[in-house]
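Content type mmCIF, C-alpha atoms and all ligand atoms, from the file work_36.cif:
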data_target
#
loop_
_atom_site.label_atom_id
_atom_site.label_comp_id
_atom_site.auth_asym_id
_atom_site.auth_seq_id
_atom_site.Cartn_x
_atom_site.Cartn_y
_atom_site.Cartn_z
CA MET A 1 1.84 -15.59 3.97
CA PRO A 2 0.24 -15.67 7.44
CA ASP A 3 -2.94 -13.64 8.04
CA PRO A 4 -1.83 -10.05 7.26
CA THR A 5 -4.20 -8.47 9.79
CA ALA A 6 -2.82 -10.61 12.59
CA ALA A 7 0.76 -10.00 11.41
CA ARG A 8 0.10 -6.24 11.45
CA GLN A 9 -1.22 -6.39 15.01
CA VAL A 10 1.95 -8.20 16.13
CA MET A 11 4.08 -5.64 14.25
CA VAL A 12 2.31 -2.72 15.93
CA ASP A 13 2.49 -4.27 19.41
CA SER A 14 6.02 -5.65 19.43
CA GLN A 15 7.94 -3.38 17.03
CA LEU A 16 6.18 -0.08 17.72
CA ARG A 17 4.22 0.13 21.00
CA ASP A 18 6.76 -1.89 23.03
CA ARG A 19 9.54 0.42 21.78
CA GLY A 20 7.78 3.59 22.82
CA ILE A 21 5.65 4.68 19.87
CA SER A 22 2.53 5.97 21.62
CA ASP A 23 0.64 8.30 19.25
CA PRO A 24 -2.72 6.51 18.79
CA ARG A 25 -3.26 8.00 15.31
CA VAL A 26 0.10 6.65 14.10
CA LEU A 27 -0.48 3.23 15.69
CA ASP A 28 -3.99 3.02 14.18
CA ALA A 29 -2.79 4.04 10.73
CA MET A 30 -0.03 1.42 10.83
CA LEU A 31 -2.60 -1.16 11.88
CA ARG A 32 -4.81 -0.23 8.91
CA VAL A 33 -2.38 0.16 5.99
CA PRO A 34 -1.65 -3.23 4.35
CA ARG A 35 2.15 -2.99 4.13
CA HIS A 36 2.38 -6.33 2.26
CA ARG A 37 0.62 -4.72 -0.72
CA PHE A 38 3.59 -2.35 -1.15
CA VAL A 39 6.22 -5.10 -0.98
CA PRO A 40 7.22 -6.98 -4.18
CA GLU A 41 5.99 -10.59 -4.41
CA PRO A 42 9.30 -12.33 -3.58
CA TYR A 43 9.54 -10.52 -0.21
CA ARG A 44 5.86 -10.36 0.67
CA SER A 45 6.07 -13.04 3.36
CA GLN A 46 8.53 -10.73 5.19
CA ALA A 47 6.37 -7.61 4.90
CA TYR A 48 5.70 -7.39 8.66
CA GLU A 49 9.23 -8.18 9.80
CA ASP A 50 11.44 -5.74 11.64
CA HIS A 51 13.68 -4.58 8.77
CA PRO A 52 13.70 -2.75 5.43
CA LEU A 53 13.05 -4.71 2.19
CA PRO A 54 14.04 -4.22 -1.47
CA ILE A 55 11.41 -2.62 -3.72
CA GLY A 56 13.31 -2.54 -7.04
CA ASP A 57 15.57 0.07 -8.69
CA ASP A 58 18.05 -0.50 -5.81
CA GLN A 59 15.66 1.16 -3.36
CA THR A 60 14.09 -0.06 -0.12
CA ILE A 61 10.84 0.22 1.84
CA SER A 62 11.84 1.49 5.28
CA GLN A 63 11.68 -0.52 8.52
CA PRO A 64 8.24 -0.06 10.16
CA TYR A 65 9.74 1.32 13.41
CA ILE A 66 11.66 4.07 11.59
CA VAL A 67 8.52 4.98 9.63
CA ALA A 68 6.61 5.22 12.92
CA ILE A 69 9.27 7.45 14.53
CA MET A 70 9.17 9.80 11.54
CA LEU A 71 5.37 9.96 11.43
CA GLU A 72 5.06 10.46 15.19
CA SER A 73 7.54 13.33 15.15
CA LEU A 74 5.44 15.28 12.64
CA GLN A 75 2.30 15.31 14.85
CA LEU A 76 0.05 15.48 11.81
CA ALA A 77 -3.40 17.01 12.05
CA PRO A 78 -6.25 15.72 9.84
CA THR A 79 -6.25 19.14 8.11
CA ASP A 80 -2.53 19.15 7.20
CA LYS A 81 -1.02 19.37 3.72
CA VAL A 82 2.08 17.20 3.52
CA LEU A 83 5.01 16.76 1.15
CA GLU A 84 6.84 13.44 0.93
CA VAL A 85 10.20 13.22 -0.84
CA GLY A 86 10.98 9.70 -2.08
CA THR A 87 7.68 7.88 -2.64
CA GLY A 88 9.39 4.53 -3.23
CA SER A 89 6.78 1.81 -2.73
CA GLY A 90 4.07 4.29 -1.68
CA TYR A 91 3.75 2.74 1.81
CA VAL A 92 4.54 5.95 3.69
CA THR A 93 2.38 7.86 1.20
CA ALA A 94 -0.58 5.70 2.26
CA LEU A 95 0.15 6.31 5.95
CA LEU A 96 0.39 10.06 5.33
CA ALA A 97 -2.91 9.89 3.42
CA GLU A 98 -4.48 8.30 6.51
CA LEU A 99 -3.09 10.97 8.84
CA ALA A 100 -3.34 14.20 6.82
CA GLN A 101 -5.78 15.86 4.46
CA GLN A 102 -3.65 16.13 1.33
CA VAL A 103 -0.42 14.40 0.38
CA PHE A 104 1.98 15.43 -2.38
CA SER A 105 4.73 12.91 -2.99
CA ILE A 106 7.63 13.02 -5.41
CA GLU A 107 9.81 10.17 -6.72
CA ARG A 108 12.54 10.13 -9.37
CA HIS A 109 12.08 6.53 -10.62
CA PRO A 110 9.12 6.32 -13.03
CA ALA A 111 8.69 2.56 -12.43
CA LEU A 112 8.31 3.13 -8.68
CA VAL A 113 5.83 5.96 -9.31
CA GLU A 114 3.79 3.67 -11.50
CA GLY A 115 3.78 0.85 -8.93
CA ALA A 116 2.92 3.19 -6.03
CA CYS A 117 0.09 4.88 -7.96
CA GLU A 118 -1.39 1.51 -8.84
CA VAL A 119 -1.46 0.19 -5.26
CA LEU A 120 -2.70 3.49 -3.80
CA ALA A 121 -5.54 3.58 -6.34
CA GLU A 122 -6.45 -0.06 -5.63
CA LEU A 123 -6.60 0.75 -1.92
CA GLY A 124 -8.80 3.78 -2.61
CA TYR A 125 -6.52 6.63 -1.50
CA SER A 126 -7.77 9.67 -3.37
CA ASN A 127 -6.02 12.37 -1.31
CA ALA A 128 -2.47 11.54 -2.43
CA ARG A 129 -0.86 12.85 -5.63
CA ILE A 130 2.41 11.42 -6.86
CA PHE A 131 4.80 13.31 -9.12
CA THR A 132 7.76 12.00 -11.09
CA GLY A 133 10.71 14.33 -10.64
CA ASP A 134 13.47 15.68 -8.45
CA GLY A 135 12.24 15.78 -4.88
CA ALA A 136 15.31 17.72 -3.77
CA LEU A 137 13.57 20.71 -5.34
CA GLY A 138 10.35 20.03 -3.44
CA LEU A 139 7.11 21.13 -5.06
CA PRO A 140 7.18 24.95 -4.94
CA ALA A 141 3.93 25.20 -6.89
CA TYR A 142 2.08 23.49 -4.02
CA ALA A 143 3.99 25.02 -1.08
CA PRO A 144 3.74 25.86 1.76
CA PHE A 145 3.42 22.50 3.49
CA ASP A 146 2.45 21.86 7.11
CA ALA A 147 4.86 18.94 7.17
CA ILE A 148 7.63 17.48 5.00
CA LEU A 149 8.88 13.89 5.33
CA VAL A 150 12.07 13.02 3.47
CA SER A 151 12.63 9.29 2.94
CA ALA A 152 16.15 9.54 1.49
CA ALA A 153 19.39 10.72 3.10
CA ALA A 154 20.47 14.30 2.45
CA PRO A 155 24.11 15.36 2.96
CA ASP A 156 22.94 18.55 4.75
CA LEU A 157 19.65 19.92 5.97
CA PRO A 158 17.94 20.76 2.63
CA SER A 159 17.31 24.52 2.66
CA VAL A 160 15.19 24.35 -0.51
CA LEU A 161 12.71 22.17 1.38
CA LEU A 162 12.86 24.23 4.59
CA ALA A 163 11.74 27.21 2.53
CA GLN A 164 8.60 25.30 1.53
CA LEU A 165 7.37 24.84 5.12
CA SER A 166 4.46 26.88 6.46
CA ASP A 167 5.02 29.15 9.49
CA SER A 168 4.14 26.28 11.83
CA GLY A 169 5.62 23.61 9.54
CA ARG A 170 7.60 20.57 10.66
CA MET A 171 10.14 18.52 8.73
CA ILE A 172 11.80 15.15 9.42
CA VAL A 173 14.81 14.19 7.32
CA PRO A 174 17.77 11.80 7.57
CA VAL A 175 20.98 13.84 7.27
CA GLY A 176 24.54 12.59 6.90
CA ALA A 177 27.00 10.52 4.88
CA SER A 178 25.87 7.64 2.70
CA ASP A 179 26.68 4.92 5.27
CA SER A 180 25.10 6.48 8.36
CA GLN A 181 22.81 9.37 9.12
CA GLN A 182 20.85 10.94 11.91
CA LEU A 183 17.21 11.96 11.73
CA GLN A 184 16.84 15.72 12.07
CA PHE A 185 13.54 17.22 13.13
CA VAL A 186 12.82 20.86 12.31
CA ARG A 187 10.02 22.96 13.74
CA ALA A 188 9.20 26.63 14.09
CA VAL A 189 9.65 28.21 17.51
CA GLY A 190 8.91 31.92 17.83
CA GLY A 191 9.32 32.50 14.12
CA ARG A 192 12.62 30.60 13.90
CA GLN A 193 13.27 27.09 12.61
CA VAL A 194 14.76 24.96 15.37
CA VAL A 195 16.51 21.66 14.65
CA SER A 196 16.68 18.67 17.00
CA LEU A 197 18.77 15.57 16.45
CA ARG A 198 17.06 12.20 16.76
CA GLU A 199 17.78 8.53 16.02
CA HIS A 200 20.70 7.26 13.97
CA VAL A 201 19.42 5.67 10.76
CA ARG A 202 20.50 4.33 7.40
CA PHE A 203 18.59 5.44 4.29
CA VAL A 204 19.33 5.28 0.57
CA PRO A 205 20.78 8.58 -0.66
CA LEU A 206 18.72 11.52 -1.83
CA VAL A 207 19.98 11.96 -5.39
CA LEU A 208 20.81 15.60 -5.90
CA ASN A 209 20.01 17.37 -9.15
CA HIS A 210 23.54 18.62 -9.74
CA GLU A 211 24.95 15.06 -9.74
N1 LIG A 301 9.11 5.75 1.92
C1 LIG A 301 9.58 4.88 0.89
C2 LIG A 301 11.08 4.84 0.94
C3 LIG A 301 11.69 4.68 -0.38
S1 LIG A 301 13.45 4.74 -0.39
C4 LIG A 301 8.99 3.49 1.12
O1 LIG A 301 8.60 3.21 2.24
O2 LIG A 301 8.89 2.71 0.17
C5 LIG A 301 13.74 6.40 -0.89
C6 LIG A 301 13.22 6.81 -2.22
O3 LIG A 301 13.71 8.11 -2.50
C7 LIG A 301 13.66 5.93 -3.38
O4 LIG A 301 12.55 5.41 -4.02
C8 LIG A 301 14.46 6.88 -4.28
O5 LIG A 301 14.29 6.63 -5.66
C9 LIG A 301 13.87 8.23 -3.89
N2 LIG A 301 14.71 9.38 -4.20
C10 LIG A 301 16.05 9.54 -3.96
N3 LIG A 301 16.45 10.76 -4.37
C11 LIG A 301 15.34 11.39 -4.88
C12 LIG A 301 15.12 12.66 -5.46
N4 LIG A 301 16.09 13.58 -5.60
N5 LIG A 301 13.87 12.95 -5.87
C13 LIG A 301 12.85 12.06 -5.73
N6 LIG A 301 13.01 10.84 -5.20
C14 LIG A 301 14.24 10.50 -4.77
#

Just give me the structure of the file as structure tokens.
Ligand code: SAH
Amino acid sequence: MPDPTAARQVMVDSQLRDRGISDPRVLDAMLRVPRHRFVPEPYRSQAYEDHPLPIGDDQTISQPYIVAIMLESLQLAPTDKVLEVGTGSGYVTALLAELAQQVFSIERHPALVEGACEVLAELGYSNARIFTGDGALGLPAYAPFDAILVSAAAPDLPSVLLAQLSDSGRMIVPVGASDSQQLQFVRAVGGRQVVSLREHVRFVPLVLNHE
């Protein structure tokens, strides 16, 4: 593949900055994290292209622009404790580990957990813990979280996860039917959780425990 560092710079400039992503911490993190390391060999040459890619178990690594929108919305502070639902390849986990203090991530496919843990360890991320399990339940033992990022589409705003946010917590989650969803951003305003509707997106479904 072409020089990954150069490819990353082009990705950040043309797919992110030119489309309005402006948070310098998000842009820097996306410049640093080697996305190609999280992409399976057969697709590695496409790692910096403007679309999602397969990662095995019928799942996908999200398009860089959508990842950037989600990260920017959360306005992470270096002291934040974050929950990620749907670790997948571990790419977003690495970005969260760059932007926050502690990352807890949960994934239902053991093979994906294994792959993500391996790459994150190789890259030296020691502030991210990955759990195998049902992310729809969150991680109550480690709550509350300053931010929650959900990488799979929920049919409704997941109240179980909302309950695991801190008083000033923020959550970004794709909500809707399996073929099209809208990102919903939740934040606390005057003690109430306020929802705003964002971009239309297409994510793999969040598998619910009662199914
Ligand atoms: N951020 C990831 C996206 C992975 S796709 C990346 O960039 O690679 C979404 C992931 O959510 C899939 O890996 C899928 O297995 C996982 N997932 C779906 N429902 C889940 C659930 N209930 N609990 C945990 N993980 C779930």

Can you pull out every residue within 10 Å of region 52-63 of chain A, counting all atoms listed in the file, but drop anything in the same chain fewer than 3 positions away, and send it as a PyMOL selection string?
chain A and resi 15+35+38-44+46-49+66-68+86-92+109-112+115+151-152+202-205

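For the pair CA of Val201 (chain A) and CA of Ala153 (chain A), the separation is 9.2 Å.
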
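Distances from A:Ser14, A:Ser45, A:Asn209, A:Gln193 to Ser168 (chain A) were compared using all atoms listed in the file, and the smallest one belongs to A:Gln193.
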
I need the residue nearest ligand LIG 301 (chain A) from this list: A:Val33, A:Val82, A:Leu71, A:Val150. Use all atoms listed in the file for the distance.
A:Val150

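One finds CA of Leu120 (chain A) at 18.0 Å from CA of Asp28 (chain A).
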
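Between CA of Leu165 (chain A) and CA of Val194 (chain A) lies a distance of 12.6 Å.
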
Nearest residue to Pro34 (chain A) out of A:Cys117, A:Gln181, A:Glu122, A:Asp50, using all atoms listed in the file?
A:Glu122

List as a ChimeraX atom specification the protein and nucleic acid residues near Glu107 (chain A), meaning an atom at most 7 Å away when all atoms listed in the file are counted, but skip any in the same chain fewer than 3 places from it.
/A:85-88,113,131-135

Nearest-residue call for Gln75 (chain A), choices A:Glu98, A:Glu118, A:Glu199, A:Asp23, using all atoms listed in the file
A:Asp23

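Closest approach to ligand LIG 301 (chain A) from the set A:Met30, A:Ala136, A:Ile148, A:Leu99 is made by A:Ala136, with distances taken over all atoms listed in the file.
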
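In this comparison, which uses all atoms listed in the file, the residue of A:Arg170, A:Arg187, A:Arg19, A:Arg108 approaching ligand LIG 301 (chain A) most closely is A:Arg108.
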